[in-house]
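Participant: For reference, the structure I am asking about is given below.
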Amino acid sequence: MKKVVTKCLAFIMAILLAISIPTLPYKVQAATAKTQALKAYNKLLSQKTIPWGNNLYYTAVPADTLSFTTAYIDNDSVPELIIMSSAVRQQAGFALLYTYKNGKLQFVSNIDMNGDLY
């Protein structure tokens, strides 16, 4: 008799546990700013062409001519994106600088040897 009661109680406890597990609270973390930035950079770089900054000579550059890197420039935990293209002459700026601020990808500046970078 005790074995039957024990088995029934164990079965009822197992069912209650199985029902209550999905309702238990658990901690959810949002993606970090760095992760969000890298996803935004990947989305930009996966396009067939990308806009070439604020330039009069080039409006878009084919993605297969690009090389890129990331760098921590503004002393936060989010890297900036630097894009270079073999299809662009130096006069148009040999690189572009992008950053990720306030949840958005933002163009910062053309990088060239003739001007300043702010």
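Going by the structure tokens order, chains are called A, B, ..., each with residues numbered from 1, while ligands are numbered from 1 in the order shown.
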Which residues come within 8 Å of Thr99 (chain A), counting only C-alpha atoms, excluding same-chain residues fewer than 5 positions away, as a list in words?
Facilitator: Ala37, Pro79, Glu80, Leu81, Leu105, Gln106, Phe107 and Val108 of chain A
Participant: May I have the residues within 7 Å of Asn110 (chain A) as a ChimeraX atom specification, using only C-alpha atoms and disregarding those fewer than 5 positions away in the same chain?
Facilitator: /A:53,93,95-97
Participant: Please produce an output containing N, CA, C and O atoms for each residue in the selection, written as a short mmCIF file (atom, residue, chain, number, x, y, z; two decimals), in the first residue's frame.
Facilitator:
data_model
loop_
_atom_site.label_atom_id
_atom_site.label_comp_id
_atom_site.auth_asym_id
_atom_site.auth_seq_id
_atom_site.Cartn_x
_atom_site.Cartn_y
_atom_site.Cartn_z
N GLY A 53 30.18 57.15 -48.97
CA GLY A 53 30.27 58.36 -48.17
C GLY A 53 29.65 59.57 -48.84
O GLY A 53 28.73 59.47 -49.64
N GLY A 93 38.79 59.77 -51.23
CA GLY A 93 38.87 59.24 -49.88
C GLY A 93 39.09 57.75 -49.96
O GLY A 93 38.29 57.03 -50.51
N ALA A 95 39.09 55.53 -47.70
CA ALA A 95 38.37 54.71 -46.73
C ALA A 95 37.16 55.47 -46.19
O ALA A 95 37.06 56.68 -46.33
N LEU A 96 36.25 54.70 -45.59
CA LEU A 96 35.07 55.27 -44.93
C LEU A 96 35.09 54.84 -43.47
O LEU A 96 35.56 53.75 -43.14
N LEU A 97 34.55 55.66 -42.63
CA LEU A 97 34.44 55.34 -41.20
C LEU A 97 32.97 55.35 -40.81
O LEU A 97 32.26 56.33 -41.07
#
Participant: Given only C-alpha atoms as the basis, pick out the residue of A:Ile83, A:Trp52, A:Gly103, A:Ser109 nearest to Ala31 (chain A).
Facilitator: A:Gly103
Participant: Point out the residue among A:Met13, A:Asp112, A:Lys104, A:Val88 with the least atom-to-atom distance to Tyr41 (chain A), counting only C-alpha atoms.
Facilitator: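 Counting only C-alpha atoms, the residue closest to Tyr41 (chain A) is A:Lys104.
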Participant: Report, in Å with one decimal, the straight-line distance from CA of Tyr72 (chain A) to CA of Lys43 (chain A).
Facilitator: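 Atom-to-atom, CA of Tyr72 (chain A) and CA of Lys43 (chain A) are spaced 19.5 Å apart.
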Participant: Closest to Asn102 (chain A) among A:Ala10, A:Ile50, A:Val78, A:Leu44, using only C-alpha atoms?
Facilitator: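 Of the candidates, the smallest distance to Asn102 (chain A) is held by A:Val78.
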Participant: In Å, how far is it from CA of Ile111 (chain A) to CA of Thr32 (chain A)?
Facilitator: 27.6 Å
